[in-house]
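Structure below is run_21.txt: compact mmCIF, C-alpha atoms.
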```txt
# COMPACT_ATOMS: atom_id res chain seq x y z
CA MET A 26 121.85 63.80 80.59
CA MET A 27 120.14 66.18 78.21
CA ASN A 28 117.38 64.82 76.00
CA PRO A 29 117.01 65.98 72.36
CA ARG A 30 113.99 68.15 73.17
CA GLN A 31 115.87 70.10 75.85
CA ALA A 32 118.91 70.43 73.59
CA ALA A 33 116.73 71.78 70.78
CA PHE A 34 115.02 74.24 73.12
CA ARG A 35 118.36 75.50 74.41
CA ALA A 36 119.69 76.01 70.89
CA ALA A 37 116.54 77.88 69.83
CA TYR A 38 116.50 80.03 72.96
CA ARG A 39 120.17 80.96 72.66
CA ALA A 40 119.73 81.88 69.00
CA GLN A 41 117.09 84.40 70.04
CA ILE A 42 119.13 86.23 72.66
CA ALA A 43 119.92 89.73 71.40
CA PRO A 44 123.57 90.28 70.40
CA ALA A 45 123.76 93.26 72.79
CA TYR A 46 122.86 91.10 75.79
CA ASP A 47 125.65 90.51 78.30
CA GLY A 48 125.07 88.30 81.31
CA LEU A 49 127.64 90.01 83.49
CA ILE A 50 126.07 93.46 82.89
CA HIS A 51 122.69 91.92 83.71
CA VAL A 52 123.94 90.60 87.05
CA ALA A 53 125.94 93.75 87.81
CA LEU A 54 122.81 95.88 87.33
CA ILE A 55 120.82 93.74 89.75
CA TYR A 56 123.48 93.92 92.45
CA LEU A 57 124.27 97.62 91.92
CA ILE A 58 120.61 98.58 92.25
CA GLY A 59 120.00 96.20 95.16
CA GLY A 60 123.23 97.16 96.90
CA ALA A 61 122.64 100.89 96.48
CA THR A 62 119.13 100.55 97.89
CA LEU A 63 120.34 98.54 100.86
CA TRP A 64 123.13 101.06 101.54
CA TYR A 65 120.80 104.06 101.20
CA ALA A 66 118.25 102.53 103.57
CA ALA A 67 120.99 101.67 106.10
CA GLN A 68 122.09 105.33 106.17
CA HIS A 69 118.70 106.26 107.65
CA ILE A 70 118.66 103.81 110.55
CA HIS A 71 119.60 105.51 113.80
CA ALA A 72 119.69 103.92 117.26
CA ALA A 73 117.05 101.33 116.42
CA SER A 74 115.41 99.62 119.40
CA TRP A 75 115.31 95.81 119.67
CA THR A 76 111.65 95.83 118.75
CA GLU A 77 112.47 97.78 115.61
CA TRP A 78 115.22 95.26 114.77
CA LEU A 79 112.54 92.56 114.87
CA THR A 80 111.43 94.02 111.55
CA VAL A 81 114.37 92.15 109.98
CA PRO A 82 113.30 88.57 110.84
CA ALA A 83 109.66 89.52 110.21
CA THR A 84 110.56 90.77 106.73
CA ILE A 85 112.65 87.66 106.03
CA LEU A 86 109.71 85.42 106.93
CA PHE A 87 107.27 87.53 104.91
CA ALA A 88 109.64 87.55 101.91
CA ASN A 89 109.96 83.77 102.17
CA VAL A 90 106.20 83.25 102.04
CA PHE A 91 105.87 85.89 99.30
CA GLU A 92 108.54 84.14 97.22
CA TRP A 93 106.69 80.82 97.69
CA PHE A 94 103.33 82.41 96.76
CA LEU A 95 104.66 84.20 93.68
CA HIS A 96 106.39 81.06 92.44
CA ALA A 97 103.43 78.76 93.05
CA GLN A 98 100.57 81.05 92.06
CA VAL A 99 101.99 83.35 89.38
CA MET A 100 105.10 81.79 87.84
CA HIS A 101 103.45 78.36 87.58
CA ARG A 102 99.87 79.43 86.89
CA PRO A 103 98.59 81.15 83.74
CA ARG A 104 96.98 84.23 85.33
CA PRO A 105 95.45 86.98 83.18
CA GLY A 106 97.75 89.98 83.24
CA PHE A 107 100.74 87.89 84.29
CA MET A 108 101.04 85.56 81.29
CA GLY A 109 104.49 86.92 80.43
CA ILE A 110 105.82 85.74 83.78
CA TYR A 111 104.20 82.30 83.35
CA LYS A 112 105.63 81.89 79.83
CA ARG A 113 109.08 83.07 80.85
CA HIS A 114 109.21 80.71 83.82
CA THR A 115 107.12 77.57 83.25
CA LEU A 116 107.38 77.44 79.47
CA ALA A 117 110.95 78.67 79.06
CA HIS A 118 113.01 78.34 82.28
CA HIS A 119 111.66 74.84 82.96
CA GLN A 120 112.38 73.65 79.42
CA PHE A 121 115.86 75.12 79.46
CA PHE A 122 116.65 73.54 82.84
CA THR A 123 115.42 70.06 83.77
CA ASP A 124 116.21 67.90 86.78
CA HIS A 125 118.44 65.81 84.51
CA GLU A 126 120.38 68.78 83.10
CA PRO A 127 119.85 71.81 85.38
CA PHE A 128 123.09 73.68 84.68
CA HIS A 129 123.90 76.72 82.57
CA ASP A 130 126.89 76.76 80.23
CA THR A 131 127.84 80.39 79.61
CA THR A 132 127.11 83.83 81.03
CA ARG A 133 124.69 84.42 78.14
CA ASP A 134 122.50 81.77 79.77
CA PHE A 135 122.11 84.24 82.67
CA ARG A 136 119.27 85.69 80.63
CA ILE A 137 117.11 82.72 81.63
CA VAL A 138 118.56 82.33 85.14
CA PHE A 139 118.13 85.84 86.56
CA PHE A 140 114.99 87.99 86.58
CA PRO A 141 115.10 91.11 84.39
CA PRO A 142 116.40 94.06 86.47
CA TYR A 143 113.05 95.85 86.33
CA ALA A 144 111.56 93.05 88.44
CA LEU A 145 113.83 94.30 91.23
CA ILE A 146 112.51 97.83 90.74
CA ALA A 147 108.95 96.50 91.06
CA PHE A 148 109.81 94.66 94.30
CA LEU A 149 111.56 97.72 95.72
CA VAL A 150 108.54 99.90 94.93
CA MET A 151 106.32 97.40 96.76
CA ALA A 152 108.72 97.26 99.72
CA SER A 153 108.92 101.08 99.78
CA ALA A 154 105.13 101.31 99.91
CA GLY A 155 105.10 98.87 102.81
CA GLY A 156 107.89 100.78 104.51
CA TYR A 157 106.05 104.07 104.09
CA ALA A 158 102.93 102.58 105.66
CA LEU A 159 105.04 101.22 108.52
CA SER A 160 106.61 104.64 109.09
CA LEU A 161 103.14 106.18 109.37
CA VAL A 162 101.82 103.71 111.93
CA TRP A 163 105.00 102.91 113.87
CA SER A 164 108.60 103.87 113.18
CA SER A 165 110.85 105.21 110.43
CA ASN A 166 113.69 102.94 111.65
CA ALA A 167 111.43 99.93 111.11
CA ALA A 168 110.53 101.25 107.66
CA TRP A 169 114.17 101.56 106.58
CA LEU A 170 114.97 98.15 108.08
CA LEU A 171 112.12 96.68 106.06
CA LEU A 172 113.42 98.21 102.82
CA ALA A 173 117.04 97.19 103.51
CA THR A 174 116.00 93.62 104.34
CA ALA A 175 113.76 93.37 101.27
CA ALA A 176 116.63 94.47 99.01
CA GLY A 177 118.93 91.98 100.73
CA MET A 178 116.44 89.14 100.36
CA TYR A 179 116.03 89.84 96.65
CA MET A 180 119.80 89.60 96.15
CA ASN A 181 119.81 86.48 98.33
CA TYR A 182 117.13 84.97 96.07
CA GLU A 183 119.06 85.67 92.88
CA PHE A 184 122.33 84.37 94.32
CA PHE A 185 120.83 81.14 95.67
CA HIS A 186 118.94 80.53 92.41
CA TRP A 187 122.14 80.98 90.44
CA CYS A 188 123.87 78.53 92.82
CA CYS A 189 121.18 75.99 91.89
CA HIS A 190 122.09 76.21 88.20
CA VAL A 191 125.89 76.27 88.45
CA ARG A 192 127.52 73.08 87.20
CA ASP A 193 130.60 73.05 89.44
CA ASP A 194 129.52 72.33 93.03
CA ARG A 195 132.87 71.43 94.60
CA VAL A 196 132.41 74.32 97.05
CA LEU A 197 128.63 74.80 96.99
CA ARG A 198 127.89 71.24 98.07
CA HIS A 199 129.53 71.96 101.43
CA LEU A 200 127.78 75.27 102.15
CA PRO A 201 124.78 75.04 104.51
CA PHE A 202 121.51 76.43 103.11
CA ILE A 203 122.97 76.58 99.59
CA ASN A 204 123.39 72.80 99.34
CA THR A 205 119.86 72.44 100.73
CA ILE A 206 118.23 74.77 98.21
CA ARG A 207 120.29 73.30 95.39
CA ARG A 208 118.83 69.81 95.87
CA HIS A 209 115.41 71.30 96.65
CA HIS A 210 115.32 73.37 93.45
CA ILE A 211 116.81 70.77 91.13
CA ALA A 212 114.12 68.35 92.33
CA HIS A 213 111.56 71.09 91.56
CA HIS A 214 112.71 71.00 87.93
CA ASP A 215 111.30 67.47 87.64
CA THR A 216 108.31 68.18 85.38
CA SER A 217 106.12 65.74 87.30
CA ILE A 218 106.28 67.80 90.51
CA MET A 219 107.20 71.31 89.32
CA MET A 220 103.65 72.66 89.49
CA ASN A 221 103.13 72.03 93.19
CA ARG A 222 106.33 71.07 95.02
CA ASN A 223 109.47 72.85 96.22
CA MET A 224 108.45 76.43 95.51
CA ASN A 225 110.98 78.16 97.79
CA LEU A 226 114.18 79.48 96.24
CA THR A 227 116.03 80.69 99.32
CA TYR A 228 115.19 78.68 102.44
CA PRO A 229 112.47 75.98 102.27
CA PHE A 230 110.54 77.44 105.21
CA ALA A 231 107.22 78.11 103.41
CA ASP A 232 107.39 74.73 101.66
CA TRP A 233 107.70 73.10 105.09
CA LEU A 234 104.95 75.33 106.53
CA PHE A 235 102.42 74.65 103.75
CA GLY A 236 103.39 71.01 103.15
CA THR A 237 104.56 71.55 99.57
CA SER A 238 108.05 70.15 100.05
CA ASP A 239 109.16 66.84 98.58
CA LEU A 240 110.74 66.07 101.97
CA ASP A 241 109.10 64.44 104.95
CA ARG A 242 110.93 65.93 107.91
CA GLY A 243 110.83 68.83 110.38
CA LEU A 244 111.78 72.47 109.94
CA LEU A 245 115.43 72.15 110.97
CA GLY A 246 115.74 69.03 108.86
CA HIS A 247 114.37 70.98 105.91
CA LEU A 248 116.72 73.93 106.40
CA PHE A 249 119.84 71.79 106.82
CA ASN A 250 118.93 68.83 104.61
CA GLY A 251 121.74 69.46 102.13
CA TYR A 252 121.88 66.84 99.37
CA ASP A 253 120.35 64.12 101.58
CA THR A 254 117.75 62.08 99.66
CA ARG A 255 116.74 59.74 102.51
CA PHE A 256 113.72 61.83 103.53
CA ILE A 257 112.07 62.28 100.13
CA ARG A 258 108.36 61.54 100.37
CA ARG A 259 107.24 58.27 98.86
CA GLY A 260 104.69 58.31 96.08
CA LEU A 261 105.72 61.55 94.45
CA ARG A 262 105.84 60.52 90.82
CA GLY A 263 109.18 61.23 89.24
CA VAL A 264 110.90 62.54 92.34
CA PRO A 265 114.62 62.02 91.75
CA SER A 266 116.08 59.17 93.70
CA THR A 267 119.69 59.12 94.80
CA ALA A 268 120.48 57.40 91.53
CA SER A 269 118.70 59.87 89.29
CA VAL A 270 119.73 63.17 90.86
CA PRO A 271 122.49 64.62 88.69
CA ALA A 272 125.80 63.27 89.90
CA SER A 273 127.04 66.67 91.01
CA ALA A 274 123.91 67.26 93.10
CA ALA A 275 123.55 63.82 94.60
CA GLY A 276 126.27 63.97 97.18
CA ASP A 277 129.20 61.61 97.46
CA MET B 24 108.59 81.96 74.69
CA ALA B 25 109.65 85.06 76.44
CA ILE B 26 111.86 86.54 73.80
CA THR B 27 111.49 87.54 70.20
CA ILE B 28 112.15 85.27 67.24
CA ARG B 29 115.02 86.72 65.20
CA ASP B 30 115.48 86.29 61.49
CA THR B 31 119.08 86.92 60.57
CA LYS B 32 118.77 86.07 56.87
CA PRO B 33 119.90 88.74 54.39
CA GLY B 34 117.06 91.10 53.61
CA ALA B 35 115.08 90.00 56.63
CA ALA B 36 112.72 92.42 58.35
CA PRO B 37 114.23 94.60 61.09
CA ILE B 38 114.56 92.94 64.48
CA LYS B 39 111.39 93.22 66.54
CA ARG B 40 111.95 93.38 70.25
CA ASN B 41 109.58 92.31 72.98
CA ILE B 42 107.32 95.08 74.33
CA ALA B 43 108.42 94.05 77.84
CA SER B 44 111.92 95.36 77.17
CA LEU B 45 110.47 98.74 76.16
CA VAL B 46 108.34 99.05 79.29
CA GLY B 47 111.16 97.59 81.38
CA GLY B 48 113.68 99.98 79.88
CA VAL B 49 111.54 102.98 80.84
CA VAL B 50 110.91 101.59 84.33
CA ILE B 51 114.57 100.84 84.96
CA ALA B 52 115.64 104.27 83.65
CA VAL B 53 113.23 106.08 85.98
CA GLY B 54 114.20 103.83 88.90
CA CYS B 55 117.94 104.27 88.30
CA PHE B 56 117.59 108.05 87.97
CA ILE B 57 115.77 108.33 91.30
CA LEU B 58 118.16 105.93 93.02
CA CYS B 59 121.21 107.80 91.68
CA LEU B 60 119.87 111.09 93.03
CA LEU B 61 119.08 109.54 96.42
CA VAL B 62 122.54 107.98 96.73
CA ALA B 63 124.20 111.20 95.53
CA SER B 64 122.25 113.20 98.11
CA GLU B 65 123.90 111.10 100.84
CA LEU B 66 127.38 111.67 99.45
CA THR B 67 127.39 115.22 98.12
CA ALA B 68 125.26 118.22 97.24
CA VAL B 69 122.84 117.50 94.40
CA THR B 70 123.91 120.01 91.74
CA TRP B 71 122.96 120.24 88.06
CA PRO B 72 126.03 118.26 86.93
CA VAL B 73 125.04 115.50 89.35
CA VAL B 74 121.49 115.50 88.00
CA LEU B 75 122.81 115.43 84.44
CA GLY B 76 125.16 112.56 85.26
CA ALA B 77 122.32 110.60 86.87
CA ALA B 78 120.13 111.21 83.81
CA VAL B 79 122.82 110.06 81.38
CA MET B 80 123.50 106.94 83.43
CA ALA B 81 119.79 106.15 83.74
CA LEU B 82 119.20 106.63 80.01
CA ALA B 83 122.18 104.38 79.19
CA VAL B 84 120.84 101.60 81.42
CA GLY B 85 117.31 101.96 80.02
CA ALA B 86 118.60 101.93 76.45
CA TRP B 87 120.69 98.83 77.14
CA ILE B 88 117.65 96.99 78.54
CA ARG B 89 115.86 97.78 75.28
CA VAL B 90 118.62 96.85 72.83
CA ALA B 91 119.47 93.73 74.84
CA ASP B 92 115.75 92.89 74.66
CA LEU B 93 115.86 91.94 78.31
```
What is this structure when it is put down as structure tokens?
Amino acid sequence: MMNPRQAAFRAAYRAQIAPAYDGLIHVALIYLIGGATLWYAAQHIHAASWTEWLTVPATILFANVFEWFLHAQVMHRPRPGFMGIYKRHTLAHHQFFTDHEPFHDTTRDFRIVFFPPYALIAFLVMASAGGYALSLVWSSNAAWLLLATAAGMYMNYEFFHWCCHVRDDRVLRHLPFINTIRRHHIAHHDTSIMMNRNMNLTYPFADWLFGTSDLDRGLLGHLFNGYDTRFIRRGLRGVPSTASVPASAAGD
Amino acid sequence: MAITIRDTKPGAAPIKRNIASLVGGVVIAVGCFILCLLVASELTAVTWPVVLGAAVMALAVGAWIRVADL
């Protein structure tokens, strides 16, 4: 249930969205740019060896830790030079979406769900620099695999995050990984734990690795936890119990 | 907050957009232009009409980022 403060914030935020903004164009831009990059990179991969293919899981793991680091240390910390990101995330996204009311209502709310498209450009530039370095020291196939995987992981991130803030979960609640990150992220929106728990947005690998998850179980349990609330750590103030997780995210 | 306060009262000052949407608009326009040319180079010869088309598309996307204050 939405409290008056959250309702007031949502009304104020929505009133400030520019009339020219369109959520579907926003999302289309992200996926056109990401998809085109992935396709272009894939065109340059020729007869890759199995060692070169290992670049894919290595990039996925690196992206997972990077996503965790960026969320924990930039989006939730007021760092000089990155205050815009902190304000947009901690001060806006977390007021718009709480663990009690974490769902968006219209496509105009996509403005506060998805990153601006230029964030994707910044990530692709970083991945391209890494790929270029990799091509110098090892293999151009590995470099293109790195870039393709990075673009794919970014789109994965945006899709999973959107799945966390969709109200209707009749299908999502049954999908492995998505149901896991949905509970994981909605719990993160509890203001009492949002600064240091549940920082992953795709797969809770880094949260398990660095002990920042609200769950007390192993890696496979983390990845396939779904909506299960039996393994939530005790003593985490405000962690949603089965009763307080929004009905649509609490399982049957 | 991340976005600009708007005053829609009659006679209000012109809308002021966030500087991030200006920088972001330029960044996205440059990025889209380069990406369009790279993709086009895989599909066809990069001729002046192709370059012009990529430039128009990139400018449209950059301009939209700015007016949408994204």
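Shortest separation to Ala63 (chain B) among A:Leu49, A:Leu86, A:Ala231, A:Ala61 occurs at residue A:Ala61, atoms counted being all atoms listed in the file.
Interatomic distance, CA of Val90 (chain A) against CA of Leu226 (chain A): 10.6 Å.
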Show me, as a PyMOL selection string, the residues that have an atom within 7 Å of region 43-59 of chain B when counting all atoms listed in the file, minus same-chain residues fewer than 2 positions from it. (chain A and resi 143+146) or (chain B and resi 41+61-63+77-78+81-82+84-86+88-89+92-93)
Can I get the selection written as a PDB file, in the coordinates of the input, with C-alpha atoms?
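The new file part36.pdb reads:
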```pdb
ATOM      1  CA  TYR A 143     113.050  95.850  86.330  1.00  0.00           C
ATOM      2  CA  ILE A 146     112.510  97.830  90.740  1.00  0.00           C
TER       3      ILE A 146
ATOM      4  CA  ASN B  41     109.580  92.310  72.980  1.00  0.00           C
ATOM      5  CA  LEU B  61     119.080 109.540  96.420  1.00  0.00           C
ATOM      6  CA  VAL B  62     122.540 107.980  96.730  1.00  0.00           C
ATOM      7  CA  ALA B  63     124.200 111.200  95.530  1.00  0.00           C
ATOM      8  CA  ALA B  77     122.320 110.600  86.870  1.00  0.00           C
ATOM      9  CA  ALA B  78     120.130 111.210  83.810  1.00  0.00           C
ATOM     10  CA  ALA B  81     119.790 106.150  83.740  1.00  0.00           C
ATOM     11  CA  LEU B  82     119.200 106.630  80.010  1.00  0.00           C
ATOM     12  CA  VAL B  84     120.840 101.600  81.420  1.00  0.00           C
ATOM     13  CA  GLY B  85     117.310 101.960  80.020  1.00  0.00           C
ATOM     14  CA  ALA B  86     118.600 101.930  76.450  1.00  0.00           C
ATOM     15  CA  ILE B  88     117.650  96.990  78.540  1.00  0.00           C
ATOM     16  CA  ARG B  89     115.860  97.780  75.280  1.00  0.00           C
ATOM     17  CA  ASP B  92     115.750  92.890  74.660  1.00  0.00           C
ATOM     18  CA  LEU B  93     115.860  91.940  78.310  1.00  0.00           C
TER      19      LEU B  93
END
```
Could you make a table, as a tab-separated table, of the residues of chain A that have an atom within 10 Å of an atom of chain B, each with its nearest atom pair and distance in Å to one decimal, counting all atoms listed in the file, in chain and number order?
```
residue	atom	partner	partner_atom	distance
A:Ala37	CA	B:Ile28	CA	9.0
A:Tyr38	CA	B:Ile26	CA	8.0
A:Ala40	CA	B:Arg29	CA	7.7
A:Gln41	CA	B:Ile28	CA	5.7
A:Ile42	CA	B:Ile26	CA	7.4
A:Ala43	CA	B:Ala91	CA	5.3
A:Pro44	CA	B:Ala91	CA	7.0
A:Ala45	CA	B:Ala91	CA	4.8
A:Tyr46	CA	B:Ala91	CA	4.4
A:Asp47	CA	B:Ala91	CA	7.8
A:Ile50	CA	B:Trp87	CA	9.5
A:His51	CA	B:Leu93	CA	8.7
A:Leu54	CA	B:Val84	CA	8.5
A:Leu57	CA	B:Cys55	CA	9.9
A:Ile58	CA	B:Cys55	CA	7.4
A:Ala61	CA	B:Val62	CA	7.1
A:Thr62	CA	B:Leu58	CA	7.3
A:Trp64	CA	B:Val62	CA	8.4
A:Tyr65	CA	B:Val62	CA	6.2
A:Ala66	CA	B:Val62	CA	9.7
A:Gln68	CA	B:Glu65	CA	8.1
A:His69	CA	B:Glu65	CA	9.8
A:Met108	CA	B:Ala25	CA	9.9
A:Gly109	CA	B:Ala25	CA	6.8
A:Ile110	CA	B:Ala25	CA	8.3
A:Tyr111	CA	B:Ala25	CA	9.2
A:Lys112	CA	B:Met24	CA	5.9
A:Arg113	CA	B:Ala25	CA	4.9
A:His114	CA	B:Ala25	CA	8.6
A:Thr115	CA	B:Met24	CA	9.7
A:Leu116	CA	B:Met24	CA	6.7
A:Ala117	CA	B:Met24	CA	6.0
A:His118	CA	B:Met24	CA	9.5
A:Arg136	CA	B:Leu93	CA	7.5
A:Ile137	CA	B:Ala25	CA	9.4
A:Phe140	CA	B:Leu93	CA	9.2
A:Pro141	CA	B:Leu93	CA	6.2
A:Pro142	CA	B:Ile51	CA	7.2
A:Tyr143	CA	B:Ile51	CA	5.4
A:Ala144	CA	B:Gly47	CA	8.4
A:Leu145	CA	B:Ile51	CA	9.1
A:Ile146	CA	B:Gly54	CA	6.5
A:Ala147	CA	B:Val50	CA	8.7
A:Leu149	CA	B:Gly54	CA	9.5
A:Val150	CA	B:Gly54	CA	9.2
```
Same residues, C-alpha atoms, saved as a PDB file, in the frame of the given file:
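Contents of the output file result.pdb:
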```pdb
ATOM      1  CA  ALA A  37     116.540  77.880  69.830  1.00  0.00           C
ATOM      2  CA  TYR A  38     116.500  80.030  72.960  1.00  0.00           C
ATOM      3  CA  ALA A  40     119.730  81.880  69.000  1.00  0.00           C
ATOM      4  CA  GLN A  41     117.090  84.400  70.040  1.00  0.00           C
ATOM      5  CA  ILE A  42     119.130  86.230  72.660  1.00  0.00           C
ATOM      6  CA  ALA A  43     119.920  89.730  71.400  1.00  0.00           C
ATOM      7  CA  PRO A  44     123.570  90.280  70.400  1.00  0.00           C
ATOM      8  CA  ALA A  45     123.760  93.260  72.790  1.00  0.00           C
ATOM      9  CA  TYR A  46     122.860  91.100  75.790  1.00  0.00           C
ATOM     10  CA  ASP A  47     125.650  90.510  78.300  1.00  0.00           C
ATOM     11  CA  ILE A  50     126.070  93.460  82.890  1.00  0.00           C
ATOM     12  CA  HIS A  51     122.690  91.920  83.710  1.00  0.00           C
ATOM     13  CA  LEU A  54     122.810  95.880  87.330  1.00  0.00           C
ATOM     14  CA  LEU A  57     124.270  97.620  91.920  1.00  0.00           C
ATOM     15  CA  ILE A  58     120.610  98.580  92.250  1.00  0.00           C
ATOM     16  CA  ALA A  61     122.640 100.890  96.480  1.00  0.00           C
ATOM     17  CA  THR A  62     119.130 100.550  97.890  1.00  0.00           C
ATOM     18  CA  TRP A  64     123.130 101.060 101.540  1.00  0.00           C
ATOM     19  CA  TYR A  65     120.800 104.060 101.200  1.00  0.00           C
ATOM     20  CA  ALA A  66     118.250 102.530 103.570  1.00  0.00           C
ATOM     21  CA  GLN A  68     122.090 105.330 106.170  1.00  0.00           C
ATOM     22  CA  HIS A  69     118.700 106.260 107.650  1.00  0.00           C
ATOM     23  CA  MET A 108     101.040  85.560  81.290  1.00  0.00           C
ATOM     24  CA  GLY A 109     104.490  86.920  80.430  1.00  0.00           C
ATOM     25  CA  ILE A 110     105.820  85.740  83.780  1.00  0.00           C
ATOM     26  CA  TYR A 111     104.200  82.300  83.350  1.00  0.00           C
ATOM     27  CA  LYS A 112     105.630  81.890  79.830  1.00  0.00           C
ATOM     28  CA  ARG A 113     109.080  83.070  80.850  1.00  0.00           C
ATOM     29  CA  HIS A 114     109.210  80.710  83.820  1.00  0.00           C
ATOM     30  CA  THR A 115     107.120  77.570  83.250  1.00  0.00           C
ATOM     31  CA  LEU A 116     107.380  77.440  79.470  1.00  0.00           C
ATOM     32  CA  ALA A 117     110.950  78.670  79.060  1.00  0.00           C
ATOM     33  CA  HIS A 118     113.010  78.340  82.280  1.00  0.00           C
ATOM     34  CA  ARG A 136     119.270  85.690  80.630  1.00  0.00           C
ATOM     35  CA  ILE A 137     117.110  82.720  81.630  1.00  0.00           C
ATOM     36  CA  PHE A 140     114.990  87.990  86.580  1.00  0.00           C
ATOM     37  CA  PRO A 141     115.100  91.110  84.390  1.00  0.00           C
ATOM     38  CA  PRO A 142     116.400  94.060  86.470  1.00  0.00           C
ATOM     39  CA  TYR A 143     113.050  95.850  86.330  1.00  0.00           C
ATOM     40  CA  ALA A 144     111.560  93.050  88.440  1.00  0.00           C
ATOM     41  CA  LEU A 145     113.830  94.300  91.230  1.00  0.00           C
ATOM     42  CA  ILE A 146     112.510  97.830  90.740  1.00  0.00           C
ATOM     43  CA  ALA A 147     108.950  96.500  91.060  1.00  0.00           C
ATOM     44  CA  LEU A 149     111.560  97.720  95.720  1.00  0.00           C
ATOM     45  CA  VAL A 150     108.540  99.900  94.930  1.00  0.00           C
TER      46      VAL A 150
END
```
For the atom pair CA of His199 (chain A) and CA of Phe249 (chain A), what is the interatomic distance in Å to one decimal place? 11.1 Å
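Picture a line from CA of Met220 (chain A) to CA of Met178 (chain A); it runs 23.5 Å.
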Got a sec to check which residues sit within 12 Å of (113.4, 65.8, 108.6), counting only C-alpha atoms, and write them as a ChimeraX atom specification? /A:233,238-251,253-258
Considering only C-alpha atoms, state which residue in the set A:Ile218, A:Asp232, A:Phe184, A:Gly260 is at the smallest distance from Tyr56 (chain A). A:Phe184
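Using all atoms listed in the file, the shortest contact distance between Ile85 (chain A) and any of A:Pro103, A:Pro29, A:Gly177, A:Pro127 is found at A:Gly177.
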Just checking: using all atoms listed in the file, which residue out of A:Gln31, A:Asn225, A:Ser165, A:Thr131 ends up closest to His119 (chain A)? A:Gln31
